[in-house]
Amino acid sequence: MVRTTTERYSIGDFAKAVGLSAPTLRYYEKAGLIEPHRLDNGRRYYETADINWVKFLLHLKGTGMSISELQQYVTWRAAGDNTIPQRLALLKHVKEDFLVQFNEVQHHLQILNDKINWYEEKEAGITQDHEDFSSYLQRFGHHEQPE
């Protein structure tokens with residue numbers, strides 16, 4: 001019989017591997033998002049599969065998924081494949097919300113880039129001194145009145 005072994009990580013090493021602090025990992029544990037393994041003496045340890053799981057959770061969190069939504073996802077995941085429709089619906093909902101936020105961020109970035117270009121053009125003497133930023137934006141089809 002061939003026995004495979006997996007690497008064990010202390011909470012400190014695991015925290016480094018996933019880019020989180022030990023207190024954050026303990027919070028995730030209390031929230032039910034992760035479940036560490038335990039040695040006979042009660043000390044926590046984690047395995048490579050746990051690293052992959054936390055990295056996935058961080059991707060979901062990065063899309064704006066709330067802790068309560070993550071908890072619901074984890075609960076459904078633990079319940080098995082019969083909850084795939086619920087998980088799929090949740091992920092699609094999160095994606096829709098994320099795309100709205102993403103479009104807003106892209107718009108903010110465009111305005112920031114326009115402001116940088118405006119300053120650069122003013123420094124280079126391309127933009128007239130009398131042209132304000134609102135007029136500059138209108139030249140590019142933006143119809144906002146920034147402060």
# chains A, B, ... in the order shown; residues from 1 in each chain; ligands from 1
call {"tool": "select_by_dssp", "arguments": {"residues": "segment 27-114 of chain A", "states": "alpha helix (DSSP H)", "output": "PyMOL selection string"}}
result
chain A and resi 27-30+48-62+67-79+84-114
call {"tool": "residues_around", "arguments": {"residues": "segment 57-67 of chain A", "least_positions_apart": "3", "cutoff": "7 Å", "atoms": "only C-alpha atoms", "output": "PyMOL selection string"}}
result
chain A and resi 53-54+70-71+94+98
call {"tool": "select_by_dssp", "arguments": {"residues": "segment 2-125 of chain A", "states": "strand (DSSP E)", "output": "ChimeraX atom specification"}}
result
/A:37-38,44-45
call {"tool": "write_last_selection", "arguments": {"atoms": "N, CA, C and O atoms", "output": "PDB file, in the first residue's frame"}}
result
ATOM      1  N   HIS A  37      -7.245  21.577  10.085  1.00  0.00           N
ATOM      2  CA  HIS A  37      -7.061  20.252  10.644  1.00  0.00           C
ATOM      3  C   HIS A  37      -6.459  20.459  12.029  1.00  0.00           C
ATOM      4  O   HIS A  37      -5.923  21.522  12.339  1.00  0.00           O
ATOM      5  N   ARG A  38      -6.515  19.448  12.864  1.00  0.00           N
ATOM      6  CA  ARG A  38      -5.985  19.570  14.223  1.00  0.00           C
ATOM      7  C   ARG A  38      -5.068  18.391  14.524  1.00  0.00           C
ATOM      8  O   ARG A  38      -5.362  17.249  14.190  1.00  0.00           O
ATOM      9  N   ARG A  44      -3.611  23.833  15.273  1.00  0.00           N
ATOM     10  CA  ARG A  44      -4.089  23.899  13.892  1.00  0.00           C
ATOM     11  C   ARG A  44      -2.968  23.548  12.921  1.00  0.00           C
ATOM     12  O   ARG A  44      -1.820  23.881  13.147  1.00  0.00           O
ATOM     13  N   TYR A  45      -3.365  22.963  11.818  1.00  0.00           N
ATOM     14  CA  TYR A  45      -2.470  22.876  10.669  1.00  0.00           C
ATOM     15  C   TYR A  45      -3.333  22.867   9.409  1.00  0.00           C
ATOM     16  O   TYR A  45      -4.534  22.607   9.458  1.00  0.00           O
TER      17      TYR A  45
END
call {"tool": "closest_residue", "arguments": {"among": "A:Val105, A:Leu39, A:Ala31, A:Thr48", "to": "Gln72 of chain A", "atoms": "only C-alpha atoms"}}
result
A:Ala31
call {"tool": "closest_residue", "arguments": {"among": "A:Ile11, A:Ala49, A:His142, A:Pro85", "to": "His107 of chain A", "atoms": "only C-alpha atoms"}}
result
A:His142
call {"tool": "atom_distance", "arguments": {"atom1": "atom CA of Tyr136 of chain A", "atom2": "atom CA of Ile116 of chain A"}}
result
11.6 Å
